[in-house]
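Structure below is upload-v3.txt: compact mmCIF, C-alpha atoms.
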# COMPACT_ATOMS: atom_id res chain seq x y z
CA MET A 1 -35.97 -4.56 -16.91
CA ARG A 2 -34.95 -8.02 -15.76
CA LEU A 3 -31.30 -6.96 -15.77
CA LEU A 4 -32.17 -3.90 -13.72
CA THR A 5 -34.08 -6.01 -11.22
CA LEU A 6 -31.20 -8.45 -10.88
CA THR A 7 -28.76 -5.59 -10.43
CA LEU A 8 -30.90 -3.99 -7.75
CA LEU A 9 -31.23 -7.33 -6.01
CA ALA A 10 -27.46 -7.79 -6.05
CA VAL A 11 -26.90 -4.31 -4.64
CA TRP A 12 -29.61 -4.78 -2.03
CA SER A 13 -28.21 -8.11 -0.90
CA ALA A 14 -24.75 -6.59 -0.64
CA LEU A 15 -26.05 -3.75 1.50
CA ALA A 16 -28.26 -6.00 3.58
CA SER A 17 -25.40 -8.27 4.56
CA ALA A 18 -23.05 -5.44 5.51
CA SER A 19 -22.43 -4.31 9.03
CA THR A 20 -19.95 -1.76 10.26
CA ASP A 21 -17.49 -2.29 13.08
CA ILE A 22 -16.34 0.86 14.81
CA SER A 23 -13.31 0.91 17.08
CA VAL A 24 -11.33 3.62 18.80
CA ASP A 25 -7.60 3.28 19.31
CA ALA A 26 -6.98 3.69 23.04
CA GLU A 27 -3.57 5.19 22.41
CA THR A 28 -4.36 7.73 19.70
CA GLY A 29 -8.10 8.23 20.16
CA LEU A 30 -8.53 7.83 16.42
CA THR A 31 -11.53 5.93 15.12
CA THR A 32 -11.68 3.08 12.59
CA TRP A 33 -14.74 2.06 10.59
CA GLN A 34 -14.69 -1.35 8.90
CA THR A 35 -17.25 -3.20 6.86
CA GLU A 36 -17.27 -6.50 4.99
CA THR A 37 -19.71 -7.29 2.24
CA ALA A 38 -19.83 -9.54 -0.81
CA GLY A 39 -16.15 -10.46 -0.78
CA ILE A 40 -14.69 -7.07 0.02
CA GLN A 41 -13.47 -5.48 3.22
CA VAL A 42 -13.19 -1.70 3.42
CA ARG A 43 -11.60 -0.02 6.40
CA LEU A 44 -11.10 3.66 7.10
CA THR A 45 -9.03 5.00 9.99
CA GLN A 46 -8.89 8.69 10.84
CA ILE A 47 -5.60 10.47 10.23
CA SER A 48 -5.22 13.57 12.36
CA PRO A 49 -4.18 16.87 10.78
CA ASP A 50 -0.92 16.71 12.74
CA GLN A 51 -0.15 13.27 11.36
CA ALA A 52 -0.88 14.37 7.81
CA ARG A 53 1.28 17.48 8.20
CA ALA A 54 4.16 15.58 9.77
CA PHE A 55 4.07 12.83 7.17
CA TYR A 56 4.31 15.15 4.19
CA LEU A 57 6.76 17.57 5.78
CA ALA A 58 9.00 14.55 6.33
CA ARG A 59 8.64 13.63 2.66
CA GLY A 60 9.81 17.08 1.49
CA PHE A 61 6.59 19.09 1.22
CA SER A 62 6.74 22.79 2.02
CA ALA A 63 4.80 23.91 5.07
CA ALA A 64 2.17 25.48 2.83
CA ALA A 65 1.71 22.35 0.72
CA ALA A 66 1.58 20.07 3.76
CA GLU A 67 -0.95 22.39 5.36
CA ARG A 68 -3.08 22.29 2.24
CA TYR A 69 -3.33 18.50 2.41
CA ALA A 70 -3.79 18.50 6.20
CA SER A 71 -6.76 20.83 5.76
CA GLU A 72 -8.57 17.95 4.07
CA CYS A 73 -10.31 15.20 5.99
CA VAL A 74 -7.84 12.33 5.58
CA PHE A 75 -8.31 8.62 6.24
CA MET A 76 -5.98 5.65 6.03
CA THR A 77 -8.00 3.39 3.78
CA VAL A 78 -7.69 -0.35 3.31
CA VAL A 79 -9.39 -2.35 0.58
CA ARG A 80 -9.05 -6.12 0.83
CA ASN A 81 -10.37 -8.98 -1.24
CA ILE A 82 -11.81 -11.43 1.28
CA GLY A 83 -13.71 -13.41 -1.32
CA ASP A 84 -12.90 -16.13 -3.81
CA VAL A 85 -12.84 -14.21 -7.07
CA PRO A 86 -10.79 -11.23 -8.30
CA ILE A 87 -12.30 -7.81 -7.80
CA GLN A 88 -11.66 -4.65 -9.76
CA HIS A 89 -11.30 -1.47 -7.74
CA ARG A 90 -11.69 1.99 -9.25
CA LEU A 91 -11.53 4.89 -6.83
CA ALA A 92 -13.24 7.20 -9.32
CA ASP A 93 -16.43 5.20 -8.74
CA TRP A 94 -16.53 6.05 -5.03
CA ARG A 95 -18.77 8.88 -3.82
CA TYR A 96 -19.02 10.69 -0.51
CA GLU A 97 -21.89 12.75 0.71
CA SER A 98 -21.99 15.20 3.59
CA ALA A 99 -24.97 17.15 4.87
CA GLY A 100 -26.37 19.55 2.32
CA GLN A 101 -23.92 18.48 -0.38
CA PRO A 102 -24.50 16.32 -3.45
CA PRO A 103 -22.45 13.12 -3.77
CA ARG A 104 -18.88 13.96 -4.74
CA PRO A 105 -15.99 11.93 -6.14
CA ILE A 106 -12.72 11.72 -4.23
CA ARG A 107 -10.07 14.09 -5.53
CA SER A 108 -7.82 12.07 -7.80
CA LYS A 109 -4.08 11.63 -7.48
CA ALA A 110 -3.74 13.31 -10.88
CA ALA A 111 -5.59 16.39 -9.59
CA TRP A 112 -3.37 16.54 -6.53
CA GLU A 113 -0.30 16.08 -8.72
CA ARG A 114 -1.26 19.14 -10.76
CA ARG A 115 -1.68 21.17 -7.61
CA TRP A 116 1.65 20.06 -6.16
CA LYS A 117 3.46 20.90 -9.39
CA GLN A 118 1.93 24.38 -9.32
CA GLN A 119 3.08 24.78 -5.73
CA GLY A 120 6.61 23.68 -6.61
CA VAL A 121 6.59 20.50 -4.52
CA PRO A 122 9.82 18.57 -5.34
CA GLU A 123 9.58 15.47 -7.50
CA ALA A 124 10.69 13.10 -4.72
CA ALA A 125 7.96 14.46 -2.46
CA ARG A 126 5.39 14.13 -5.23
CA ILE A 127 6.42 10.53 -5.84
CA ALA A 128 5.96 9.77 -2.14
CA PHE A 129 2.57 11.47 -2.20
CA THR A 130 1.43 9.48 -5.21
CA TRP A 131 2.36 6.13 -3.71
CA ALA A 132 0.99 7.01 -0.28
CA GLN A 133 -2.53 7.42 -1.69
CA LEU A 134 -4.93 4.53 -2.18
CA PRO A 135 -4.43 3.28 -5.75
CA ALA A 136 -6.73 4.78 -8.36
CA THR A 137 -7.28 1.38 -9.92
CA GLN A 138 -6.30 -2.10 -8.85
CA THR A 139 -7.23 -5.70 -9.45
CA PHE A 140 -7.26 -7.58 -6.18
CA ALA A 141 -6.92 -11.34 -6.35
CA PRO A 142 -8.26 -13.23 -3.32
CA GLY A 143 -6.05 -12.31 -0.37
CA ASP A 144 -4.73 -9.12 -2.00
CA TRP A 145 -5.12 -5.76 -0.33
CA ASN A 146 -3.88 -2.20 -0.44
CA GLN A 147 -3.58 0.51 2.12
CA GLY A 148 -3.37 4.21 1.29
CA MET A 149 -4.73 7.62 2.10
CA THR A 150 -8.01 9.03 0.82
CA SER A 151 -9.04 12.62 1.39
CA TYR A 152 -12.42 14.34 1.58
CA SER A 153 -13.38 18.00 1.52
CA VAL A 154 -15.27 17.89 4.79
CA PRO A 155 -14.61 20.19 7.76
CA ARG A 156 -12.85 19.01 10.94
CA GLY A 157 -15.25 16.97 13.04
CA GLY A 158 -17.73 16.85 10.16
CA THR A 159 -19.46 13.65 9.12
CA PHE A 160 -20.18 12.07 5.77
CA ASP A 161 -21.34 8.82 4.16
CA LEU A 162 -19.08 6.95 1.77
CA ARG A 163 -20.38 4.73 -0.99
CA PHE A 164 -17.65 2.45 -2.35
CA ALA A 165 -18.03 0.41 -5.51
CA TRP A 166 -16.21 -2.48 -7.12
CA ARG A 167 -16.64 -5.04 -9.86
CA ALA A 168 -16.50 -8.79 -9.48
CA GLY A 169 -17.07 -10.93 -12.53
CA ALA A 170 -19.45 -8.99 -14.71
CA LYS A 171 -21.27 -7.34 -11.81
CA THR A 172 -20.89 -3.96 -10.21
CA HIS A 173 -21.33 -3.96 -6.45
CA SER A 174 -21.48 -1.21 -3.91
CA GLY A 175 -21.40 -0.81 -0.17
CA LYS A 176 -21.71 2.05 2.24
CA LEU A 177 -20.01 3.35 5.35
CA GLU A 178 -22.22 5.82 7.17
CA GLN A 179 -21.45 8.70 9.49
CA LEU A 180 -17.71 8.66 9.06
CA ARG A 181 -16.30 11.49 11.13
CA CYS A 182 -13.29 13.60 10.28
CA ALA A 183 -10.59 13.81 12.92
CA ASP A 184 -10.60 16.97 14.99
CA GLU A 185 -7.66 19.33 14.91
CA ALA A 186 -6.78 18.18 18.41
CA SER A 187 -6.91 14.45 17.61
CA MET B 1 28.73 2.52 4.23
CA LYS B 2 30.16 3.46 7.64
CA LEU B 3 29.29 7.09 7.07
CA ARG B 4 25.79 6.10 6.06
CA ARG B 5 25.40 4.02 9.23
CA TYR B 6 26.48 7.03 11.28
CA VAL B 7 24.01 9.31 9.58
CA SER B 8 21.37 6.63 9.89
CA GLY B 9 21.60 6.77 13.65
CA ALA B 10 21.08 10.49 13.55
CA VAL B 11 17.95 10.35 11.44
CA LEU B 12 16.52 7.24 13.05
CA ALA B 13 14.53 9.15 15.63
CA ALA B 14 13.01 11.42 13.01
CA CYS B 15 12.08 8.44 10.88
CA CYS B 16 10.28 6.84 13.83
CA VAL B 17 8.41 10.03 14.61
CA PHE B 18 6.94 10.20 11.17
CA ALA B 19 6.46 6.54 10.48
CA VAL B 20 4.80 5.33 13.64
CA PRO B 21 1.82 7.69 13.88
CA LEU B 22 0.39 6.44 10.61
CA ALA B 23 0.47 2.88 11.82
CA ALA B 24 -2.43 1.96 14.03
CA HIS B 25 -1.98 0.13 17.30
CA ALA B 26 -0.43 -3.30 16.68
CA ALA B 27 -3.57 -5.15 17.76
CA ASP B 28 -5.61 -3.20 15.22
CA LEU B 29 -3.34 -3.51 12.21
CA PRO B 30 -4.79 -5.08 9.07
CA PRO B 31 -3.54 -8.67 9.01
CA LEU B 32 -0.81 -9.70 6.57
CA SER B 33 -1.88 -12.27 4.00
CA HIS B 34 0.00 -15.38 2.91
CA SER B 35 -1.34 -16.00 -0.58
CA LEU B 36 0.43 -15.79 -3.91
CA THR B 37 -1.63 -15.32 -7.04
CA LEU B 38 -0.39 -17.64 -9.74
CA GLN B 39 -0.57 -16.36 -13.29
CA ALA B 40 0.27 -17.46 -16.80
CA PRO B 41 4.03 -16.97 -17.20
CA LYS B 42 5.03 -13.79 -18.97
CA PRO B 43 8.44 -12.22 -19.51
CA ALA B 44 9.47 -9.95 -16.65
CA PRO B 45 10.23 -6.33 -17.53
CA ALA B 46 13.82 -5.18 -17.27
CA LEU B 47 15.10 -4.40 -13.79
CA LYS B 48 18.53 -2.86 -13.50
CA LEU B 49 19.12 -0.62 -10.49
CA LYS B 50 21.81 0.33 -8.00
CA ASP B 51 21.73 -0.91 -4.43
CA LEU B 52 22.48 1.02 -1.24
CA ASP B 53 26.21 0.73 -1.85
CA GLY B 54 26.06 1.83 -5.46
CA GLN B 55 26.44 -1.65 -6.91
CA THR B 56 24.30 -2.35 -9.96
CA HIS B 57 21.97 -5.37 -9.98
CA ASP B 58 20.42 -6.64 -13.19
CA LEU B 59 17.57 -9.15 -13.10
CA VAL B 60 18.85 -10.68 -16.33
CA ARG B 61 21.95 -11.86 -14.50
CA LEU B 62 19.80 -13.85 -12.10
CA ARG B 63 18.43 -16.05 -14.90
CA GLY B 64 18.39 -19.64 -13.67
CA ARG B 65 17.28 -18.56 -10.20
CA VAL B 66 13.83 -18.00 -8.75
CA VAL B 67 13.61 -14.34 -7.76
CA LEU B 68 11.20 -12.61 -5.41
CA ILE B 69 10.94 -8.90 -6.27
CA ASN B 70 9.30 -6.65 -3.71
CA PHE B 71 8.39 -3.01 -4.36
CA TRP B 72 8.22 -1.01 -1.15
CA ALA B 73 8.96 2.19 0.77
CA THR B 74 9.90 2.86 4.37
CA TRP B 75 6.84 5.05 4.99
CA CYS B 76 4.45 2.30 3.82
CA PRO B 77 3.17 0.52 6.97
CA PRO B 78 2.54 -2.94 5.47
CA CYS B 79 5.90 -2.76 3.69
CA ARG B 80 7.63 -2.21 7.00
CA ARG B 81 5.74 -5.04 8.62
CA GLU B 82 6.47 -7.62 5.93
CA MET B 83 10.18 -6.86 5.60
CA PRO B 84 11.33 -9.12 8.50
CA SER B 85 9.45 -12.07 7.01
CA MET B 86 11.23 -11.50 3.71
CA GLU B 87 14.56 -11.82 5.48
CA ARG B 88 13.38 -15.00 7.23
CA LEU B 89 12.30 -16.37 3.85
CA SER B 90 15.68 -15.52 2.39
CA GLN B 91 17.39 -17.33 5.27
CA ALA B 92 15.07 -20.33 4.99
CA LEU B 93 16.04 -20.81 1.35
CA GLN B 94 19.71 -19.95 1.74
CA GLY B 95 21.92 -22.09 -0.45
CA GLU B 96 19.17 -22.69 -3.00
CA ALA B 97 18.78 -21.01 -6.39
CA PHE B 98 16.63 -18.28 -4.89
CA SER B 99 17.15 -14.52 -4.57
CA VAL B 100 15.25 -11.62 -3.09
CA LEU B 101 15.41 -8.08 -4.47
CA ALA B 102 13.68 -5.28 -2.56
CA VAL B 103 13.08 -2.21 -4.71
CA ASP B 104 12.55 0.97 -2.71
CA VAL B 105 10.56 3.77 -4.30
CA GLY B 106 11.74 7.35 -4.21
CA GLU B 107 13.92 7.32 -1.11
CA ASP B 108 17.62 7.65 -0.46
CA ALA B 109 20.03 5.21 1.15
CA ASP B 110 20.17 7.10 4.46
CA THR B 111 16.41 6.90 4.91
CA ILE B 112 16.41 3.18 4.13
CA ASP B 113 19.33 2.50 6.46
CA ALA B 114 17.54 4.33 9.24
CA PHE B 115 14.64 1.92 8.84
CA THR B 116 16.59 -1.31 8.42
CA ALA B 117 18.74 -0.44 11.43
CA GLN B 118 15.61 -0.79 13.57
CA LEU B 119 14.93 -4.34 12.43
CA ASP B 120 15.93 -7.32 14.53
CA ALA B 121 17.72 -8.74 11.49
CA THR B 122 19.13 -6.36 8.92
CA PRO B 123 18.17 -7.53 5.42
CA THR B 124 20.92 -9.55 3.78
CA PHE B 125 19.31 -9.26 0.34
CA PRO B 126 19.97 -6.28 -1.95
CA VAL B 127 17.80 -3.20 -1.49
CA LEU B 128 17.65 -1.36 -4.82
CA LEU B 129 16.87 2.31 -5.36
CA ASP B 130 14.13 3.24 -7.80
CA THR B 131 14.53 6.93 -7.13
CA ARG B 132 12.16 8.20 -9.80
CA SER B 133 9.74 5.25 -9.70
CA ARG B 134 10.52 4.29 -13.29
CA ALA B 135 10.84 0.60 -12.44
CA LEU B 136 7.46 0.63 -10.71
CA GLN B 137 5.89 2.03 -13.82
CA ALA B 138 7.61 -0.52 -16.04
CA TRP B 139 6.36 -3.31 -13.80
CA LYS B 140 2.85 -1.74 -13.77
CA VAL B 141 2.72 -1.55 -10.01
CA ALA B 142 -0.42 0.26 -8.81
CA GLY B 143 0.11 0.21 -5.05
CA LEU B 144 2.68 -0.64 -2.37
CA PRO B 145 3.73 -3.17 -1.43
CA THR B 146 3.56 -5.30 -4.55
CA THR B 147 5.62 -8.46 -4.98
CA PHE B 148 6.38 -10.61 -7.99
CA LEU B 149 7.79 -14.08 -8.24
CA VAL B 150 10.01 -14.66 -11.27
CA ASP B 151 10.89 -18.18 -12.37
CA ARG B 152 14.21 -19.53 -13.58
CA GLN B 153 13.34 -18.53 -17.14
CA GLY B 154 12.87 -14.89 -16.18
CA ARG B 155 9.07 -14.98 -16.33
CA ILE B 156 6.62 -13.55 -13.83
CA VAL B 157 4.63 -16.50 -12.55
CA ALA B 158 2.97 -15.09 -9.43
CA SER B 159 2.22 -11.84 -7.66
CA ALA B 160 1.03 -10.52 -4.33
CA ILE B 161 -0.57 -7.13 -3.71
CA GLY B 162 -0.45 -5.94 -0.13
CA GLY B 163 1.56 -7.07 2.88
CA ARG B 164 2.48 -10.74 3.26
CA GLU B 165 4.08 -13.08 5.77
CA PHE B 166 6.66 -14.29 3.31
CA ASP B 167 7.95 -17.12 5.45
CA HIS B 168 4.48 -18.65 5.70
CA PRO B 169 4.59 -22.35 4.73
CA ASP B 170 2.23 -21.74 1.79
CA ILE B 171 4.61 -19.24 0.22
CA ILE B 172 7.72 -21.31 0.91
CA ARG B 173 5.97 -24.31 -0.66
CA ALA B 174 5.10 -22.32 -3.80
CA ILE B 175 8.69 -21.18 -4.17
CA ARG B 176 10.07 -24.68 -3.63
CA GLU B 177 7.77 -25.98 -6.35
CA LEU B 178 9.30 -23.47 -8.74
CA LEU B 179 12.80 -24.40 -7.60
CA ASN B 180 12.09 -28.07 -8.25
CA ARG B 181 10.85 -27.57 -11.81

Before anything else, please render the file you have as structure tokens.
Amino acid sequence: MRLLTLTLLAVWSALASASTDISVDAETGLTTWQTETAGIQVRLTQISPDQARAFYLARGFSAAAAERYASECVFMTVVRNIGDVPIQHRLADWRYESAGQPPRPIRSKAAWERRWKQQGVPEAARIAFTWAQLPATQTFAPGDWNQGMTSYSVPRGGTFDLRFAWRAGAKTHSGKLEQLRCADEAS
Amino acid sequence: MKLRRYVSGAVLAACCVFAVPLAAHAADLPPLSHSLTLQAPKPAPALKLKDLDGQTHDLVRLRGRVVLINFWATWCPPCRREMPSMERLSQALQGEAFSVLAVDVGEDADTIDAFTAQLDATPTFPVLLDTRSRALQAWKVAGLPTTFLVDRQGRIVASAIGGREFDHPDIIRAIRELLNR
């Protein structure tokens, strides 16, 4: 019980100290959400369907495969250790929740890889895809960071909340970005 | 090489079209760090790859030198941003027992040339081709860019995950300390 109380306190304090900065790029009109809490910074920037299509077509995806990925709600995602101790990141622990839907995990790189193989996406293109996604797992020392794509099955213009989790020391922490909005087709 | 330069010019525009949109406005870009994470020395995995001109480079043959090994790709925004600082670092330590190896993941020489041709200073260090990402796997890289510092004994002694300003005084100081050991 005591452990549970301490854990809840840790989670509460992490959430309580978090605030979200929202900015819109004047040039592209795309929105960025950024929050900092308990030694971690998480930042999501909208990627428009056109950008996603163009990126993967340029990497060797077929039009159909690129379109499949572009139909997802895609964000450029940055995770940065802004604290003093190493943090362990595991994307499988993240959950997103849109209206009327239960919390869902983010589709893994391995799941995408299976799909791309079935669709006959060339190996070089699959390699680029794999490395362009946010790492599935990573240990971030202070100052370390990664940037990569994350995708969500949410309609264009739809909104969702994202709960991200990480471990520091022996503790599991979590934070939340609320009302993230998918880029419109016209973005 | 001349042919590749010619082709590079032709594909440069296309490269820009696809690379730039994924990078946010300069003022909004995530800042580059300048830290290196020191670690207990451990033997570096093998690294033997061809460069853009087909010449083979083997890390073992650089024993006795401090080597900075950077895993990157042209489509990776922080990789693109940190590349000029790696060249400045290389120039700053020119004449010392220090080498830089940039290992590109999954791309061909034309694509890389198209990118480096845009830089103010073309990299003078070798850019190696890890076409099938086997080296990344051997080095247990989880995300790009990732950089390792290898000491004169061929041991990994530090790493950096994410983009860096490699010519930052803190990083140059750390490398000089290794050079002076």

* To do: Using all atoms listed in the file, give me every residue within 12 Å of (7.1, 9.3, -3.2) in file coordinates, as JSON, numbers by chain.
  => {"A": [55, 56, 58, 59, 60, 61, 113, 121, 122, 123, 124, 125, 126, 127, 128, 129, 130, 131, 132, 133], "B": [72, 73, 74, 75, 76, 104, 105, 106, 107, 108, 130, 131, 132, 133, 134, 136, 143, 144]}

* Local residues around (12.2, -28.8, -9.7), at most 12 Å away, using all atoms listed in the file, as a ChimeraX atom specification -> /B:64-66,96-97,151-152,173-181

* Length of the CA of Ala136 in chain A to CA of Leu91 in chain A vector [Å] -> 5.0 Å

* **Gly158 in chain A environment, 12 Å, all atoms listed in the file, sequence neighbours closer than 5 positions dropped, as a list of chain:residue names** =>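 Residues meeting the cut-off are A:Glu72, A:Cys73, A:Val74, A:Glu97, A:Ser98, A:Ala99, A:Gly100, A:Tyr152, A:Ser153, A:Gln179, A:Leu180, A:Arg181, A:Cys182, A:Ala183, A:Asp184, A:Glu185.
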
* To do: Could you please determine the separation between CA of Gln118 in chain A and CA of Pro145 in chain B in Å, to one decimal place?
  => 28.7 Å

* Would you give me, as a PyMOL selection string, the residues of chain A that come within 9 Å of chain B, using only C-alpha atoms? => chain A and resi 23+25-28+30+43+45+47+51-52+54-56+58+76+78+80+123-125+127-128+131-148

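Rounded to one decimal, CA of Pro105 in chain A and CA of Ala170 in chain A lie 22.9 Å from each other.
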
* Within 9 Å of Ala165 in chain A, counting only C-alpha atoms, which residues qualify if same-chain residues fewer than 3 places away don't, as a list in words? ->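 With the cut-off at 9 Å, the set is His89, Arg90, Leu91, Asp93, Trp94, Arg95, Thr172, His173, Ser174, Gly175 and Lys176 of chain A.
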
Expected file contents, prior selection, C-alpha atoms, as a PDB file, in the coordinates of the input:
ATOM      1  CA  HIS A  89     -11.300  -1.470  -7.740  1.00  0.00           C
ATOM      2  CA  ARG A  90     -11.690   1.990  -9.250  1.00  0.00           C
ATOM      3  CA  LEU A  91     -11.530   4.890  -6.830  1.00  0.00           C
ATOM      4  CA  ASP A  93     -16.430   5.200  -8.740  1.00  0.00           C
ATOM      5  CA  TRP A  94     -16.530   6.050  -5.030  1.00  0.00           C
ATOM      6  CA  ARG A  95     -18.770   8.880  -3.820  1.00  0.00           C
ATOM      7  CA  THR A 172     -20.890  -3.960 -10.210  1.00  0.00           C
ATOM      8  CA  HIS A 173     -21.330  -3.960  -6.450  1.00  0.00           C
ATOM      9  CA  SER A 174     -21.480  -1.210  -3.910  1.00  0.00           C
ATOM     10  CA  GLY A 175     -21.400  -0.810  -0.170  1.00  0.00           C
ATOM     11  CA  LYS A 176     -21.710   2.050   2.240  1.00  0.00           C
TER      12      LYS A 176
END

* Could you check which of B:Leu149, B:Leu29, B:Leu89, B:Ile69 is closest to Ile172 in chain B, using all atoms listed in the file? => B:Leu89

Please identify every residue of range 41-100 of chain B that has at least one atom no farther than 9 Å from an atom of range 110-122 of chain B, counting all atoms listed in the file, and for each give the shortest atom pair and the distance in Å to one decimal, arranged by chain then increasing number, as a Markdown table.
| residue | atom | partner | partner_atom | distance |
| --- | --- | --- | --- | --- |
| B:Leu52 | CA | B:Ile112 | CA | 8.4 |
| B:Ala73 | CA | B:Ile112 | CA | 8.2 |
| B:Thr74 | CA | B:Ile112 | CA | 6.5 |
| B:Arg80 | CA | B:Phe115 | CA | 8.3 |
| B:Met83 | CA | B:Leu119 | CA | 8.7 |
| B:Pro84 | CA | B:Ala121 | CA | 7.1 |
| B:Glu87 | CA | B:Ala121 | CA | 7.5 |
| B:Arg88 | CA | B:Ala121 | CA | 8.7 |

* Residue nearest Glu36 in chain A among A:Ala65, A:Ile87, A:Val24, A:Ile82 (counting only C-alpha atoms) ->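 When distances to Glu36 in chain A are compared using only C-alpha atoms, the smallest one comes from A:Ile82.
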
* To do: Please identify all polymer residues within 6 Å of Trp33 in chain A, counting all atoms listed in the file, omitting same-chain residues fewer than 6 positions from it, and present them as a list in words.
  =>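 Using all atoms listed in the file, the neighbours found are Asp21, Ile22, Arg43 and Leu44 of chain A.
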
Give me the residues of range 87-116 of chain B that have any atom at most 12 Å from an atom of range 58-61 of chain B; for each, the nearest atom pair and the distance in Å, rounded to one decimal. Use only C-alpha atoms, sort by chain and number, and format it as CSV.
residue,atom,partner,partner_atom,distance
B:Ser99,CA,B:Leu59,CA,10.1
B:Val100,CA,B:Leu59,CA,10.6
B:Leu101,CA,B:Leu59,CA,9.0
B:Ala102,CA,B:Leu59,CA,11.9
B:Val103,CA,B:Leu59,CA,11.8
